[in-house]
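Written out below as structure tokens is the structure these notes cover.
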Amino acid sequence: MFDTESLVQQYELTACIQCGKCTGGCPIALKSALNPRALVYQMLRGEEFELVSRGELWDCTTCATCGLRCPKGVKAVDLIIALRAQWIESGKIPTTLRAPLTATLNQGNPLVLPREDRSLWADGLNVKNVADGAGIAMFTCCENAYDPRVQAMPRALVNLLRAANQDFGTLGLDEQCCGSEVRRIGEAGLFEYLRDDNLEKFRAARVSKMVTTSPHCFNVFKNEYGKHAIPVEHYTQTLAHLIADGALKFSKKFQATITYQDPCFLGKQNGIYDEPRAILKAIPGAKFVEMDRSRERSVCCEGGGGRMWLEGTNSQVRLANDRIAHALDTGANILATACPFCFLTLSDAVIATGNEEKIKVMDILQIANAAI
Amino acid sequence: MKSQIGVYICHCGLNIANTVDVEQVREFARILPNVAIARNYTYMCSDPGQALITNDIRDLGLTHVVVASCSPRMHEPTFRATIHKAGLNPYVLEMANIREQCSWVHSDRTLATLKAMDLIASAVAKVALLVPLQEREVKVTQSALVIGGGIAGMTATLDIANAGFQVCLVEKQTHLGGRVAQLDTTFPTQERVADLLAPVLRAITTHPNIRVITNADVEKVDGFIGNFRATIRARPTFVDAMKCDACGKCVDACPVNVPDAFDANLTTRRAIYRAPDARFVIDARACSFVQDRVCRSDPRCAAVCDRNAIDFSQTENLVEINIGAIIVATGAATFDATKKPELGFGTYSNVITSLQFERLAARQELQSVKDVVFVSCVGSRDATTGNTYCSRVCCMVNAKQARRIQEKFPDARVTVFYADVRAFGKGHEEFYDAVRKTGVRYRRGYVSEIFAAGGQTPKRDQKLIVRAEDTLIQKPIEVSADLVVLGIGMTPRAETNEIANVLGLPRSGDGFLLEIHPKLRPVETAVDGVFLAGACQGPKDIVDTIAQARAAASSAFASLCRGQVKIESATARVDEEVCAGCGLCVATCPYGAPALIARTGTARVNQVLCKGCGACEAACPSKAIQVMQCTPRQVLAQIAVLA
Ligand SMILES: Cc1cc2nc3c(=O)[nH]c(=O)nc-3n(C[C@H](O)[C@H](O)[C@H](O)COP(=O)(O)OP(=O)(O)OC[C@H]3O[C@@H](n4cnc5c(N)ncnc54)[C@H](O)[C@@H]3O)c2cc1C
């Protein structure tokens, strides 16, 4: 059991006017029993419930639309994370989460792969270590570092930064999980450990500026690492600046019609809408088309908030499948994104909907790399 | 002469007496130096309470009085009048605030009693040093300036003019009427707004006491209550109204197209156009000839005008007027709906604002629709936009427009999404009842997102999907719509700062102009003689706007009528022997009261502008400038007894 009153206080739920703006905009609520407004109301009424009877709490992708649109500043997503934390504290951790969480503690990644293999993605690239003096620390998401389906992205970023004559390095084997998803799963203790340990490692390597491959790492470094946070950019910001300054030039044509999926952690949560589009519009030969539901009205791919390791309820309905239909609707043959989670969920959806012939999911890094 | 001080301790019913042992305080006060008498009483401000004071002044020959009661903001004027009635100078009074600063904020009776004693001892120490001051009055210029020609400004103007005073009404736009002129009908009576406005406009333009200056700004205001001097900059319209016969050929000749703000940007107009009051004018910012002295079109407006009415030699005109009172009625802007991107305004042509709806209705261009959705609280009650207040009219505007559609197109399915329906005005709840009876459906929940129904490459006017949670069935829903109307709120006008700076007016946290007291003094401002009317002070409907406008007019002509106004006597004075002329006081004063006199090289304070705030006294390095009744000697005496 949990104490509703302390949640009401901590998350300032008394501000709620029960208008339903959160639930009305929740990408999950239409397909699941998850109802952020009703959850807040239950807290206000002091109605306690058996957490394990509420499996839909794990459906939340932490896209944060609920809190971003709330007219009263209530962050329902934070309440959901807090309830997950209570759940985890009770020891009844959903089985598929156990291995990723344990591995994150022991191996520094949720993919349950050895810490020593962290840099294998960079084989043959000779990327230096930031500790040897570099302007920018390139931070690779665990997914990009270990998952062969998305290892091309950090390799492309290395190429692009070199093409633009940037002085950068990586943390090498000192790099480990940023803790973004861990925090959203509700493992507050593990998150704090990762944050403090990472900050210590950044300090030791004298990191003064970072660029990340994933919007999730970017968001957590920028907004949740506290006052010792290090200035950080998502790679779309870095590349857009380099293009605008003339430091990065494209010479090859990339003939395609491209549309773009806004990652929630980049767009909605951090307002970075224009930079990814600026890069795509600078690609020679490419035609950029916009989906109707884009930018602030974009649709979540369901990859965030721990959902990479959790199916959630009602897995028959997948927003990523809808998203492929949306993309096809524009006439695009490339669905671009700027997030490894979006890339993976959307790529799966292309296969699941049998559209491999019609459309391909690519990270902006891959597209840009193909054009230099 | 030795001073004879009377100390009067008020119980304020139980407000003070419950927390402070008033009897003990009286015992204490009685033996303070120079105190001739100390009394306590349930309500010192009551007639018998005041009689205690006046009798003692007569019978005991009191020279100074201390009243220990509430804040001086509450009753200092009362007790000044009391002692004046008994023959004392009103300024030999000191208040000890043992309510707001003692009984209301403490719970321990013993400590509160001790604090009350300290406050009174301190007041007694000071009061003996107070000197009598002259009550002063200044003569009033018996005319007024009204800034803003919306319904508020026009109403106030008429009231003052009808009372027999001259009024100058200054309007920024080329026409009078403000927001109301854009509306079609008004809730809850559903009267045509044109019918409401016409008699007011006629009365304004024909009234012998009224001078209207349109297309103008008030650029500068100097002076003080009763004696303001305003500089008004009137811009040219480049069309001679006496010559123009409104044939309209010029409009056809003009090559420039700009969005028509009066039509809420639904339409475009030329740089020369027929303004809402039917006069032809040139919009200087749009006209290529005014801007660059070149016009792309060969037969420019002037060339086609048979009557030589177009006159590009017209120039700006500076008008200076003297007035005794000013009413600010500059109104409000409407919320910019593009700041709520999830609602698709600007993306879809069939997502419109409530203001655009009014224009469509007024132009008789409402087209037959099937599914219509009204969205509440767009840009109001919304922390994400920074507008946390309720705009007070949108619920009824939604209701009015929903009814309009439902009655015009009985087959339409009209849905209003809301979180709370606020129908607080006279006749509003009944209006809301009537609207629901016409078939309009209210569903409880804010609209969260709007997108195209027919795919991802939408046409601008295709069917839409409106997403919300119907909080009463506790489920997220999707409703289709041919037309979505956003109930936009009112916001402070972007130029509020300019007018606030010209007049020295403070703004409240919401950005609107600030009244002195929200309940007791709702039309007065921090600047004596400047009053507020209408939506510039906060969102309100026409009824409330007019009520406030008439209140502002009464307040203004109350001072005009008297011919004289009292001004604060406890002001700053400069000891010219001591003053070094450094000018710090000039820089510090928020009211522009002190000035350096070239001849003497010292500062002098305009006694009429000075509010006695004391900022100069604190800044002055040589203590040459001192505020009467707050001199260092008086304040130090007050502090010394506390040590
Ligand atoms: C869409 C909509 C529908 C509405 N429907 C209704 C309704 O049905 N019934 C109802 O009761 N109320 C309605 N209202 C509210 C109504 O419009 C206001 O109550 C009313 O306009 C307030 O009048 P005002 O004179 O204070 O301000 P405004 O109407 O805004 O007029 C202010 C005037 O001052 C001028 N001005 C501004 N700054 C300066 C300056 N510095 N110098 C000189 N002039 C200046 C402006 O140009 C303007 O002419 C509606 C409002 C909106 C937005």
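Each chain of the structure tokens is named A, B, ... in the order shown, its residues numbered from 1; ligands are numbered from 1 in display order.
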Selection within 7 Å of ligand 1 by only C-alpha atoms and all ligand atoms, output as a CSV table (one decimal) with N, CA and C atoms, in the first residue's frame:
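Generated file (out.csv):
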chain,number,residue,atom,x,y,z
B,147,ILE,N,-8.7,58.0,-22.6
B,147,ILE,CA,-7.8,57.3,-23.6
B,147,ILE,C,-8.4,56.0,-24.0
B,148,GLY,N,-8.7,55.8,-25.2
B,148,GLY,CA,-9.3,54.6,-25.7
B,148,GLY,C,-10.8,54.8,-26.0
B,149,GLY,N,-11.2,54.6,-27.2
B,149,GLY,CA,-12.6,54.8,-27.7
B,149,GLY,C,-13.4,53.6,-27.8
B,150,GLY,N,-13.2,52.6,-27.0
B,150,GLY,CA,-14.1,51.4,-27.0
B,150,GLY,C,-15.3,51.8,-26.2
B,151,ILE,N,-16.1,50.7,-25.9
B,151,ILE,CA,-17.4,51.0,-25.2
B,151,ILE,C,-17.1,51.7,-23.8
B,152,ALA,N,-16.0,51.3,-23.2
B,152,ALA,CA,-15.7,51.9,-21.9
B,152,ALA,C,-15.4,53.4,-22.0
B,153,GLY,N,-14.5,53.7,-22.9
B,153,GLY,CA,-14.1,55.1,-23.1
B,153,GLY,C,-15.2,55.9,-23.6
B,170,VAL,N,-9.3,60.2,-27.0
B,170,VAL,CA,-8.3,59.9,-27.9
B,170,VAL,C,-8.3,58.4,-28.2
B,171,GLU,N,-8.4,58.1,-29.5
B,171,GLU,CA,-8.5,56.7,-29.9
B,171,GLU,C,-7.3,56.3,-30.9
B,172,LYS,N,-6.7,55.2,-30.6
B,172,LYS,CA,-5.5,54.8,-31.4
B,172,LYS,C,-5.9,54.5,-32.9
B,173,GLN,N,-7.0,53.8,-33.0
B,173,GLN,CA,-7.4,53.4,-34.4
B,173,GLN,C,-8.1,54.6,-35.1
B,176,LEU,N,-13.9,54.7,-33.8
B,176,LEU,CA,-14.3,54.4,-32.4
B,176,LEU,C,-15.0,53.1,-32.4
B,177,GLY,N,-15.2,52.5,-31.2
B,177,GLY,CA,-16.0,51.3,-31.0
B,177,GLY,C,-15.3,50.2,-30.4
B,178,GLY,N,-13.9,50.1,-30.6
B,178,GLY,CA,-13.2,49.0,-29.9
B,178,GLY,C,-13.6,47.7,-30.4
B,179,ARG,N,-13.4,46.7,-29.5
B,179,ARG,CA,-13.7,45.3,-29.7
B,179,ARG,C,-15.2,45.1,-30.1
B,180,VAL,N,-16.0,45.9,-29.4
B,180,VAL,CA,-17.5,45.6,-29.5
B,180,VAL,C,-17.9,45.9,-31.0
B,183,LEU,N,-18.1,42.8,-33.0
B,183,LEU,CA,-19.1,41.7,-32.7
B,183,LEU,C,-20.3,41.8,-33.5
B,185,THR,N,-23.6,39.9,-32.3
B,185,THR,CA,-24.7,40.1,-31.3
B,185,THR,C,-24.0,40.0,-29.9
B,186,THR,N,-24.8,40.3,-28.9
B,186,THR,CA,-24.2,40.2,-27.6
B,186,THR,C,-25.1,39.3,-26.7
B,187,PHE,N,-24.4,38.5,-25.8
B,187,PHE,CA,-25.1,37.7,-24.8
B,187,PHE,C,-25.5,38.6,-23.7
B,216,ALA,N,-4.6,58.3,-33.1
B,216,ALA,CA,-3.7,59.1,-32.3
B,216,ALA,C,-3.3,58.4,-31.0
B,217,ASP,N,-2.1,58.8,-30.5
B,217,ASP,CA,-1.6,58.3,-29.3
B,217,ASP,C,-1.3,59.4,-28.3
B,218,VAL,N,-1.5,59.0,-27.0
B,218,VAL,CA,-1.1,60.0,-26.0
B,218,VAL,C,0.3,59.7,-25.7
B,329,ALA,N,-8.9,53.8,-20.8
B,329,ALA,CA,-9.9,52.7,-21.2
B,329,ALA,C,-9.4,52.1,-22.5
B,330,THR,N,-8.2,51.6,-22.4
B,330,THR,CA,-7.5,51.1,-23.5
B,330,THR,C,-7.8,49.6,-23.9
B,331,GLY,N,-8.7,49.0,-23.1
B,331,GLY,CA,-9.2,47.7,-23.5
B,331,GLY,C,-8.2,46.5,-23.4
B,332,ALA,N,-8.5,45.4,-24.1
B,332,ALA,CA,-7.7,44.2,-24.0
B,332,ALA,C,-7.4,43.7,-25.4
B,333,ALA,N,-6.4,42.8,-25.5
B,333,ALA,CA,-6.2,42.1,-26.8
B,333,ALA,C,-6.9,40.7,-26.6
B,334,THR,N,-7.0,40.0,-27.7
B,334,THR,CA,-7.5,38.6,-27.6
B,334,THR,C,-6.3,37.7,-27.7
B,354,SER,N,-13.2,32.6,-31.7
B,354,SER,CA,-14.5,33.1,-31.5
B,354,SER,C,-14.7,34.5,-32.0
B,355,LEU,N,-13.5,35.3,-32.1
B,355,LEU,CA,-13.6,36.6,-32.7
B,355,LEU,C,-13.9,36.5,-34.2
B,358,GLU,N,-17.5,35.8,-34.8
B,358,GLU,CA,-18.3,37.0,-34.7
B,358,GLU,C,-18.2,37.8,-36.1
B,393,VAL,N,-15.6,36.0,-20.2
B,393,VAL,CA,-16.7,36.2,-21.2
B,393,VAL,C,-16.8,35.0,-22.1
B,397,VAL,N,-19.7,33.6,-24.5
B,397,VAL,CA,-19.5,33.8,-26.0
B,397,VAL,C,-19.7,32.4,-26.7
B,488,ILE,N,-11.4,32.0,-27.4
B,488,ILE,CA,-10.2,32.6,-26.9
B,488,ILE,C,-10.4,33.7,-25.8
B,489,GLY,N,-9.5,33.8,-25.0
B,489,GLY,CA,-9.6,34.7,-23.8
B,489,GLY,C,-9.1,36.1,-24.1
B,490,MET,N,-9.1,36.9,-23.1
B,490,MET,CA,-8.6,38.3,-23.3
B,490,MET,C,-7.2,38.3,-22.6
B,495,GLU,N,0.8,46.8,-26.0
B,495,GLU,CA,1.3,48.1,-25.8
B,495,GLU,C,1.0,48.6,-24.4
B,499,ILE,N,1.5,52.8,-22.4
B,499,ILE,CA,0.6,53.7,-21.7
B,499,ILE,C,0.8,53.7,-20.2
B,533,ALA,N,-11.1,52.1,-16.6
B,533,ALA,CA,-12.4,51.7,-17.1
B,533,ALA,C,-12.3,50.6,-18.1
B,534,GLY,N,-13.0,49.5,-17.9
B,534,GLY,CA,-13.2,48.5,-18.9
B,534,GLY,C,-12.1,47.4,-18.8
B,535,ALA,N,-11.9,46.8,-20.0
B,535,ALA,CA,-11.0,45.6,-20.1
B,535,ALA,C,-9.5,45.9,-19.9
B,536,CYS,N,-9.1,47.1,-19.8
B,536,CYS,CA,-7.7,47.4,-19.6
B,536,CYS,C,-7.3,47.0,-18.1
B,540,LYS,N,-13.6,41.6,-18.9
B,540,LYS,CA,-15.0,41.8,-18.4
B,540,LYS,C,-15.9,41.9,-19.6
B,541,ASP,N,-17.2,41.7,-19.4
B,541,ASP,CA,-18.1,41.8,-20.4
B,541,ASP,C,-18.6,43.2,-20.6
B,542,ILE,N,-19.5,43.4,-21.5
B,542,ILE,CA,-20.0,44.8,-21.7
B,542,ILE,C,-20.7,45.4,-20.5
B,543,VAL,N,-21.5,44.6,-19.8
B,543,VAL,CA,-22.2,45.1,-18.7
B,543,VAL,C,-21.2,45.6,-17.6
B,545,THR,N,-18.1,46.3,-18.0
B,545,THR,CA,-17.3,47.4,-18.6
B,545,THR,C,-18.0,48.7,-18.4
(request) Hey, list the chain B side of the contact with chain A: 8 Å cut-off, only C-alpha atoms, answer as a list in words. (result)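 Written out as asked, the residues are Pro341, Glu342, Arg381, Asp382, Ala383, Thr384, Tyr418, Ala419, Arg444, Gly445, Tyr446, Val447, Ser448, Glu449, Phe451, Ala452, Gly455, Gln456, Thr457, Pro458, Arg467, Ala468, Glu469, Asp470, Thr471, Gln474, Lys475, Pro476 and Ile477 of chain B.
Residues in contact with B:Gln24 at 10 Å, where only C-alpha atoms are counted and same-chain residues fewer than 5 positions away are skipped, are listed as Ala29, Thr113, Leu114 and Met117 of chain B.
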Interface rows for stretch 409-522 of chain B against stretch 547-557 of chain B: nearest pair, Å to one decimal, 12 Å, only C-alpha atoms, as a tab-separated table:
residue	atom	partner	partner_atom	distance
B:Glu515	CA	B:Ala552	CA	11.2
B:Arg521	CA	B:Ser555	CA	10.2
B:Pro522	CA	B:Gln548	CA	8.2
(request) Could you give me, as a PyMOL selection string, the residues within 10 Å of stretch 348-363 of chain A, counting only C-alpha atoms and dropping anything in the same chain fewer than 6 positions from it? (result) chain A and resi 150+152-153+156+257-261+301+318-325+327-328+331-340+342+369
Generate the output file for the selected residues, N, CA, C and O atoms, as a compact mmCIF listing (two decimals), in the first residue's frame.
# COMPACT_ATOMS: atom_id res chain seq x y z
N VAL A 150 21.28 -0.67 -34.50
CA VAL A 150 21.41 0.80 -34.43
C VAL A 150 22.85 1.25 -34.17
O VAL A 150 23.08 2.41 -33.82
N ALA A 152 25.00 1.64 -36.44
CA ALA A 152 25.43 2.49 -37.55
C ALA A 152 25.31 3.97 -37.19
O ALA A 152 26.01 4.80 -37.76
N MET A 153 24.41 4.29 -36.26
CA MET A 153 24.17 5.70 -35.97
C MET A 153 25.39 6.37 -35.32
O MET A 153 25.84 7.41 -35.81
N ALA A 156 28.03 6.82 -37.82
CA ALA A 156 27.75 7.93 -38.74
C ALA A 156 28.06 9.26 -38.08
O ALA A 156 28.62 10.16 -38.71
N THR A 257 11.90 10.59 -50.76
CA THR A 257 10.90 11.45 -50.15
C THR A 257 10.88 11.09 -48.66
O THR A 257 10.60 9.94 -48.29
N ILE A 258 11.19 12.08 -47.87
CA ILE A 258 11.42 11.80 -46.44
C ILE A 258 10.36 12.49 -45.58
O ILE A 258 10.05 13.67 -45.78
N THR A 259 9.81 11.74 -44.65
CA THR A 259 9.01 12.39 -43.61
C THR A 259 9.68 12.12 -42.28
O THR A 259 10.65 11.34 -42.20
N TYR A 260 9.22 12.78 -41.23
CA TYR A 260 9.99 12.74 -39.98
C TYR A 260 9.10 12.51 -38.77
O TYR A 260 8.06 13.15 -38.62
N GLN A 261 9.52 11.56 -37.95
CA GLN A 261 8.85 11.28 -36.68
C GLN A 261 9.54 12.06 -35.58
O GLN A 261 10.72 11.85 -35.32
N CYS A 301 5.84 6.74 -30.34
CA CYS A 301 6.09 5.43 -30.96
C CYS A 301 5.93 4.29 -29.97
O CYS A 301 6.05 3.13 -30.33
N ARG A 318 -0.86 -1.15 -31.85
CA ARG A 318 0.45 -0.50 -31.68
C ARG A 318 0.45 0.84 -32.40
O ARG A 318 0.16 0.93 -33.59
N LEU A 319 0.82 1.89 -31.64
CA LEU A 319 0.86 3.22 -32.24
C LEU A 319 1.90 3.28 -33.36
O LEU A 319 1.73 4.00 -34.34
N ALA A 320 2.97 2.50 -33.23
CA ALA A 320 4.02 2.52 -34.27
C ALA A 320 3.44 2.05 -35.60
O ALA A 320 3.80 2.57 -36.66
N ASN A 321 2.49 1.07 -35.55
CA ASN A 321 1.86 0.63 -36.80
C ASN A 321 1.06 1.76 -37.42
O ASN A 321 1.11 1.97 -38.64
N ASP A 322 0.32 2.48 -36.57
CA ASP A 322 -0.43 3.65 -37.07
C ASP A 322 0.53 4.63 -37.73
O ASP A 322 0.24 5.23 -38.75
N ARG A 323 1.66 4.78 -37.07
CA ARG A 323 2.62 5.77 -37.53
C ARG A 323 3.15 5.43 -38.92
O ARG A 323 3.41 6.34 -39.72
N ILE A 324 3.32 4.14 -39.19
CA ILE A 324 3.77 3.74 -40.53
C ILE A 324 2.69 4.12 -41.55
O ILE A 324 3.00 4.65 -42.62
N ALA A 325 1.44 3.87 -41.19
CA ALA A 325 0.34 4.25 -42.09
C ALA A 325 0.35 5.76 -42.32
O ALA A 325 0.19 6.23 -43.45
N ALA A 327 2.91 7.74 -42.18
CA ALA A 327 4.06 8.09 -43.02
C ALA A 327 3.78 7.75 -44.48
O ALA A 327 4.07 8.53 -45.38
N LEU A 328 3.20 6.55 -44.70
CA LEU A 328 2.90 6.14 -46.08
C LEU A 328 1.92 7.11 -46.73
O LEU A 328 2.01 7.41 -47.92
N GLY A 331 3.21 9.81 -48.82
CA GLY A 331 3.94 9.46 -50.03
C GLY A 331 5.43 9.30 -49.79
O GLY A 331 6.20 9.12 -50.74
N ALA A 332 5.84 9.32 -48.54
CA ALA A 332 7.27 9.20 -48.23
C ALA A 332 7.73 7.76 -48.41
O ALA A 332 6.97 6.82 -48.18
N ASN A 333 8.99 7.59 -48.81
CA ASN A 333 9.55 6.23 -48.79
C ASN A 333 10.62 6.08 -47.72
O ASN A 333 11.17 5.01 -47.52
N ILE A 334 10.92 7.19 -47.05
CA ILE A 334 11.80 7.11 -45.88
C ILE A 334 11.09 7.77 -44.70
O ILE A 334 10.59 8.89 -44.81
N LEU A 335 11.04 7.03 -43.61
CA LEU A 335 10.54 7.63 -42.37
C LEU A 335 11.76 7.90 -41.51
O LEU A 335 12.39 6.97 -40.99
N ALA A 336 12.11 9.17 -41.39
CA ALA A 336 13.30 9.52 -40.61
C ALA A 336 12.93 9.74 -39.16
O ALA A 336 11.80 10.14 -38.84
N THR A 337 13.89 9.48 -38.30
CA THR A 337 13.70 9.84 -36.90
C THR A 337 15.08 10.15 -36.33
O THR A 337 16.08 10.10 -37.05
N ALA A 338 15.12 10.50 -35.05
CA ALA A 338 16.40 10.91 -34.48
C ALA A 338 16.55 10.30 -33.09
O ALA A 338 17.03 10.93 -32.17
N CYS A 339 16.12 9.04 -32.97
CA CYS A 339 16.11 8.39 -31.66
C CYS A 339 16.21 6.88 -31.88
O CYS A 339 15.48 6.34 -32.72
N PRO A 340 17.09 6.22 -31.15
CA PRO A 340 17.21 4.76 -31.37
C PRO A 340 15.93 4.00 -31.00
O PRO A 340 15.61 2.99 -31.64
N CYS A 342 12.74 5.15 -31.22
CA CYS A 342 11.80 5.35 -32.33
C CYS A 342 12.22 4.47 -33.50
O CYS A 342 11.40 3.82 -34.15
N ASN A 369 24.85 10.97 -43.22
CA ASN A 369 26.11 10.30 -43.52
C ASN A 369 26.17 9.85 -44.97
O ASN A 369 27.23 9.87 -45.60
(message) If DSSP is run on the backbone, what residues of stretch 156-366 of chain A are alpha helix (DSSP H)? A reply as a ChimeraX atom specification would be ideal.
(response) /A:156-163,180-185,188-204,215-223,235-244,274-282,319-329,340-352,364-366
(request) Would you mind listing what lies within 9 Å of A:Ala204 as a list of chain:residue names, with only C-alpha atoms counted and same-chain residues fewer than 4 positions away left out? (result) A:Ala131, A:Leu199, A:Glu200
Just to be explicit: take each residue in the selection above, keep all heavy atoms, and write the result as a JSON list (two decimals), in the first residue's frame.
[["chain", "number", "residue", "atom", "x", "y", "z"],
["A", 131, "ALA", "N", 39.17, 12.10, -22.21],
["A", 131, "ALA", "CA", 40.12, 12.41, -21.14],
["A", 131, "ALA", "C", 41.45, 12.87, -21.74],
["A", 131, "ALA", "O", 42.23, 13.57, -21.09],
["A", 131, "ALA", "CB", 40.33, 11.19, -20.25],
["A", 199, "LEU", "N", 28.31, 11.65, -13.21],
["A", 199, "LEU", "CA", 28.83, 13.01, -13.00],
["A", 199, "LEU", "C", 30.29, 12.94, -12.56],
["A", 199, "LEU", "O", 31.13, 13.73, -12.99],
["A", 199, "LEU", "CB", 27.97, 13.76, -11.98],
["A", 199, "LEU", "CG", 26.64, 14.30, -12.53],
["A", 199, "LEU", "CD1", 25.77, 14.84, -11.40],
["A", 199, "LEU", "CD2", 26.88, 15.39, -13.57],
["A", 200, "GLU", "N", 30.57, 11.95, -11.71],
["A", 200, "GLU", "CA", 31.94, 11.77, -11.23],
["A", 200, "GLU", "C", 32.86, 11.43, -12.42],
["A", 200, "GLU", "O", 33.96, 11.98, -12.56],
["A", 200, "GLU", "CB", 31.96, 10.66, -10.17],
["A", 200, "GLU", "CG", 33.28, 10.51, -9.45],
["A", 200, "GLU", "CD", 33.87, 11.86, -9.03],
["A", 200, "GLU", "OE1", 33.14, 12.68, -8.44],
["A", 200, "GLU", "OE2", 35.07, 12.10, -9.33]]
(request) Might you pull out every residue within 10 Å of B:Lys623, with only C-alpha atoms counted and same-chain residues fewer than 2 positions away left off, and present them as number ranges by chain? (result) B: 574-575, 578-579, 616-621, 625-626, 631-632
Which residues are close to stretch 99-109 of chain B, i.e. within 10 Å by only C-alpha atoms, leaving aside same-chain residues fewer than 4 positions away? Reply as a short mmCIF file (atom, residue, chain, number, x, y, z; two decimals) with N, CA and C atoms, in the first residue's frame.
data_model
loop_
_atom_site.label_atom_id
_atom_site.label_comp_id
_atom_site.auth_asym_id
_atom_site.auth_seq_id
_atom_site.Cartn_x
_atom_site.Cartn_y
_atom_site.Cartn_z
N CYS B 10 -8.12 50.77 21.01
CA CYS B 10 -9.36 50.22 20.47
C CYS B 10 -9.38 48.70 20.66
N HIS B 11 -10.54 48.14 21.02
CA HIS B 11 -10.66 46.67 21.12
C HIS B 11 -10.92 46.05 19.75
N CYS B 12 -11.45 46.89 18.85
CA CYS B 12 -11.94 46.40 17.56
C CYS B 12 -12.82 45.17 17.80
N LEU B 14 -13.64 42.05 19.22
CA LEU B 14 -12.71 41.11 19.84
C LEU B 14 -11.44 40.96 19.02
N ASN B 15 -11.42 41.63 17.86
CA ASN B 15 -10.27 41.51 16.96
C ASN B 15 -8.95 41.78 17.65
N ILE B 16 -8.95 42.81 18.49
CA ILE B 16 -7.73 43.13 19.23
C ILE B 16 -7.84 42.58 20.65
N ALA B 17 -8.99 42.79 21.26
CA ALA B 17 -9.14 42.47 22.68
C ALA B 17 -8.95 40.98 22.98
N ASN B 18 -9.21 40.12 22.00
CA ASN B 18 -9.05 38.69 22.22
C ASN B 18 -7.60 38.30 22.42
N THR B 19 -6.72 39.02 21.78
CA THR B 19 -5.31 38.64 21.81
C THR B 19 -4.47 39.58 22.67
N VAL B 20 -4.94 40.82 22.81
CA VAL B 20 -4.18 41.81 23.56
C VAL B 20 -4.97 42.17 24.82
N ASP B 21 -4.31 42.18 25.95
CA ASP B 21 -4.98 42.58 27.19
C ASP B 21 -5.07 44.11 27.21
N ALA B 68 -4.42 53.70 19.05
CA ALA B 68 -3.88 52.36 18.86
C ALA B 68 -5.02 51.47 18.38
N SER B 69 -5.00 51.16 17.10
CA SER B 69 -6.11 50.38 16.56
C SER B 69 -5.63 49.63 15.32
N CYS B 70 -6.31 49.88 14.21
CA CYS B 70 -5.97 49.17 12.97
C CYS B 70 -4.92 49.93 12.18
N SER B 71 -4.73 49.47 10.92
CA SER B 71 -3.75 50.12 10.05
C SER B 71 -4.17 51.55 9.73
N THR B 113 0.46 41.30 24.02
CA THR B 113 0.21 42.46 24.88
C THR B 113 1.47 43.30 25.04
N LEU B 114 2.61 42.61 25.24
CA LEU B 114 3.87 43.33 25.37
C LEU B 114 4.20 44.09 24.08
N LYS B 115 3.92 43.45 22.94
CA LYS B 115 4.23 44.10 21.67
C LYS B 115 3.33 45.33 21.48
N ALA B 116 2.06 45.19 21.85
CA ALA B 116 1.15 46.34 21.72
C ALA B 116 1.67 47.50 22.56
N LEU B 119 4.53 49.13 20.73
CA LEU B 119 4.08 49.93 19.60
C LEU B 119 3.51 51.26 20.06
#
(request) Please return as an MDAnalysis selection string: the residues of stretch 128-371 of chain A that backbone DSSP assigns to strand (DSSP E or B). (result) chainID A and resid 129 136:139 168:170 210:212 232:234 256:260 286:288 334:337 360:363
Using the selection just defined, write its residues with C-alpha atoms as a short mmCIF file (atom, residue, chain, number, x, y, z; two decimals), in the first residue's frame.
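Dumped to part.cif:
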data_model
loop_
_atom_site.label_atom_id
_atom_site.label_comp_id
_atom_site.auth_asym_id
_atom_site.auth_seq_id
_atom_site.Cartn_x
_atom_site.Cartn_y
_atom_site.Cartn_z
CA ASN A 129 39.08 9.33 -25.34
CA ILE A 136 33.13 17.56 -27.17
CA ALA A 137 32.24 14.29 -25.47
CA MET A 138 30.12 12.12 -27.71
CA PHE A 139 27.73 10.11 -25.57
CA PHE A 168 35.62 15.16 -30.04
CA GLY A 169 36.08 11.92 -28.14
CA THR A 170 34.12 9.34 -26.19
CA MET A 210 28.39 16.66 -24.59
CA VAL A 211 26.52 15.54 -27.67
CA THR A 212 24.22 12.54 -27.46
CA VAL A 232 24.59 18.98 -23.61
CA GLU A 233 23.22 18.93 -27.14
CA HIS A 234 21.33 16.35 -29.07
CA ALA A 256 14.12 10.05 -51.50
CA THR A 257 10.90 11.45 -50.15
CA ILE A 258 11.42 11.80 -46.44
CA THR A 259 9.01 12.39 -43.61
CA TYR A 260 9.99 12.74 -39.98
CA ALA A 286 15.72 14.67 -50.87
CA LYS A 287 12.17 15.91 -50.73
CA PHE A 288 10.83 16.59 -47.27
CA ILE A 334 11.80 7.11 -45.88
CA LEU A 335 10.54 7.63 -42.37
CA ALA A 336 13.30 9.52 -40.61
CA THR A 337 13.70 9.84 -36.90
CA LYS A 360 12.21 2.31 -44.71
CA VAL A 361 13.00 3.78 -41.32
CA MET A 362 16.28 5.66 -41.08
CA ASP A 363 17.94 7.76 -38.44
#
